[in-house]
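A short write-up of the structure that comes next.
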Amino acid sequence: MAVSRQFAIVTGASSGIGLELAKVCAREGFDLLIAADEPQIERAADEVRGLGAMVETVQADLATIEGVDLLVDAAKRIGRSVDALLANAGRGLGHGFLDQDFARARHVIDTNITGTVYLVHRVGNDMRRRNAGRIMIVGSIAGFVPGSFQAVYNGTKAFLDSFSFALREELRGTRVTVTCLMPGATETRFFERAGMLDTSVGVSKKDSPADVARAGFDAMMRGDGDIVSGFKNKVQSAVAHVIPAGFLAKQHRKYAEPGSAGS
């Protein structure tokens, strides 16, 4: 019996943007393999199944090669070609770099960069062999700004933004598309996990993860190279390209420095 629904992998799907991406995929005709490094991925799967999709789960640390291999092996056992990879898994970390525990800082780098790049390499090669597929990499407008008191996180997002555009160009002429979703501050557990609830950005009004996910999904399906979600974020990203980096770093301090929530 022919399978009419497409098949997608969504990482970091236990909550926030990742969960909303999984929901959009389910509504738009995708079955799913969703992954996260926490047990809540099972509860997320139940929620997404309620939208009519077949959903399988993997609980794995995608900061590690072994975790990514576990996810890819699970996809192979399902036995379906990956039509769309939505690489959303990511970590943040607040406070000054020299005050951070280095193991936590490295986990941000390994999750956001190493795990993402390895997953894209494994799934992307299969897509290129089939000459079909869509890749979404969740970067951030943070990648345009030197992130004082978020130095490692913003640096990883700068990498992902750049990597996405470069990979897209390398795949030009194929039927594999690469889209970089670049949200701004979004109402998720990110700031709590990053230890940033005492910062100005941590307590500010943020974008809806459902709106961000819908904008990203639509851009991926159109085959767009990038999408900055939200008008305010579009303005910020445009301004970031013309303002000196030193000034941007100084401005970022006002939003991300510990204790700035009341200032």
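Residues are named by chain letter and number: chains run A, B, ... in the order of the structure tokens, numbers start at 1 in each chain, and ligands are numbered from 1 in the order shown.
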Where does stretch 78-177 of chain A meet stretch 16-39 of chain A within 10 Å, residue by residue, with the nearest atom pair and distance in Å to one decimal for each, counting only C-alpha atoms, listed by chain and rising number, as a Markdown table?
```
| residue | atom | partner | partner_atom | distance |
| --- | --- | --- | --- | --- |
| A:Ile78 | CA | A:Leu33 | CA | 8.9 |
| A:Val82 | CA | A:Leu32 | CA | 9.4 |
| A:Asp83 | CA | A:Phe30 | CA | 8.8 |
| A:Ala84 | CA | A:Phe30 | CA | 8.9 |
| A:Leu85 | CA | A:Leu33 | CA | 9.7 |
| A:Leu86 | CA | A:Leu21 | CA | 8.0 |
| A:Ala87 | CA | A:Gly18 | CA | 8.7 |
| A:Asn88 | CA | A:Gly18 | CA | 6.0 |
| A:Ala89 | CA | A:Ala36 | CA | 7.3 |
| A:Gly90 | CA | A:Gly18 | CA | 9.7 |
| A:Val138 | CA | A:Ile17 | CA | 9.3 |
```
For the residues in the current selection, export N, CA and C atoms as a PDB file, in the first residue's frame.
```pdb
ATOM      1  N   ILE A  78      12.475   2.808  10.478  1.00  0.00           N
ATOM      2  CA  ILE A  78      11.129   3.141  10.008  1.00  0.00           C
ATOM      3  C   ILE A  78      11.003   2.817   8.526  1.00  0.00           C
ATOM      4  N   VAL A  82      13.540  10.437   4.121  1.00  0.00           N
ATOM      5  CA  VAL A  82      13.273  11.686   4.835  1.00  0.00           C
ATOM      6  C   VAL A  82      12.995  12.788   3.818  1.00  0.00           C
ATOM      7  N   ASP A  83      11.754  13.246   3.785  1.00  0.00           N
ATOM      8  CA  ASP A  83      11.380  14.323   2.864  1.00  0.00           C
ATOM      9  C   ASP A  83      11.781  15.687   3.401  1.00  0.00           C
ATOM     10  N   ALA A  84      11.798  15.820   4.721  1.00  0.00           N
ATOM     11  CA  ALA A  84      12.152  17.108   5.325  1.00  0.00           C
ATOM     12  C   ALA A  84      12.875  16.870   6.647  1.00  0.00           C
ATOM     13  N   LEU A  85      13.985  17.567   6.814  1.00  0.00           N
ATOM     14  CA  LEU A  85      14.720  17.573   8.085  1.00  0.00           C
ATOM     15  C   LEU A  85      14.625  18.966   8.665  1.00  0.00           C
ATOM     16  N   LEU A  86      14.046  19.070   9.856  1.00  0.00           N
ATOM     17  CA  LEU A  86      13.932  20.352  10.534  1.00  0.00           C
ATOM     18  C   LEU A  86      14.850  20.308  11.748  1.00  0.00           C
ATOM     19  N   ALA A  87      16.055  20.842  11.584  1.00  0.00           N
ATOM     20  CA  ALA A  87      17.099  20.767  12.604  1.00  0.00           C
ATOM     21  C   ALA A  87      16.952  21.953  13.545  1.00  0.00           C
ATOM     22  N   ASN A  88      16.217  21.721  14.609  1.00  0.00           N
ATOM     23  CA  ASN A  88      15.858  22.789  15.539  1.00  0.00           C
ATOM     24  C   ASN A  88      16.560  22.678  16.885  1.00  0.00           C
ATOM     25  N   ALA A  89      17.075  21.500  17.238  1.00  0.00           N
ATOM     26  CA  ALA A  89      17.652  21.304  18.571  1.00  0.00           C
ATOM     27  C   ALA A  89      18.716  22.352  18.853  1.00  0.00           C
ATOM     28  N   GLY A  90      18.630  22.974  20.021  1.00  0.00           N
ATOM     29  CA  GLY A  90      19.600  24.010  20.376  1.00  0.00           C
ATOM     30  C   GLY A  90      19.593  24.290  21.862  1.00  0.00           C
ATOM     31  N   VAL A 138      17.462  25.857  12.051  1.00  0.00           N
ATOM     32  CA  VAL A 138      16.993  26.973  12.868  1.00  0.00           C
ATOM     33  C   VAL A 138      18.202  27.737  13.388  1.00  0.00           C
TER      34      VAL A 138
END
```
Residues within 10 Å of A:Val108, please, as number ranges by chain. Count only C-alpha atoms; anything in the same chain fewer than 6 positions from it doesn't count. A: 63, 90-93, 102, 114, 152-153, 156, 194
query = Could you work out how far atom CA of A:Met182 lies from atom CA of A:Ile141, giving the answer in Å with one decimal?
reply =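 Between atom CA of A:Ile141 and atom CA of A:Met182 the gap works out to 5.3 Å.
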Between A:Asp161, A:Asp211, A:Asp73, A:Glu56, which has the minimum distance to A:Ala142 (counting only C-alpha atoms)?
->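 The answer is A:Asp161, which sits nearest to A:Ala142.
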Self-check item: All strand (DSSP E) residues (DSSP, backbone) inside stretch 16-246 of chain A, as a VMD selection string
Solution: chain A and resid 30 to 36 55 to 59 84 to 87 133 to 138 176 to 182 226 to 228
A:Ser164 proximity check over A:Gln150, A:Thr179, A:Gln59, A:Asn131, using only C-alpha atoms: winner is A:Thr179
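Pairwise distance (atom CA of A:Ile65, atom CA of A:Val123) equals 13.6 Å.
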Exercise for review: Enumerate, as a VMD selection string, the complete set of residues in stretch 74-238 of chain A that a backbone-based DSSP assignment places in helix (DSSP H, G or I).
Suggested key: chain A and resid 74 to 78 97 to 99 102 to 130 141 to 144 151 to 170 190 to 193 200 to 203 209 to 222 231 to 238
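Nearest residue to A:Glu42 among A:Gly246, A:Gly133, A:Gly223, A:Val55 is A:Val55, counting only C-alpha atoms.
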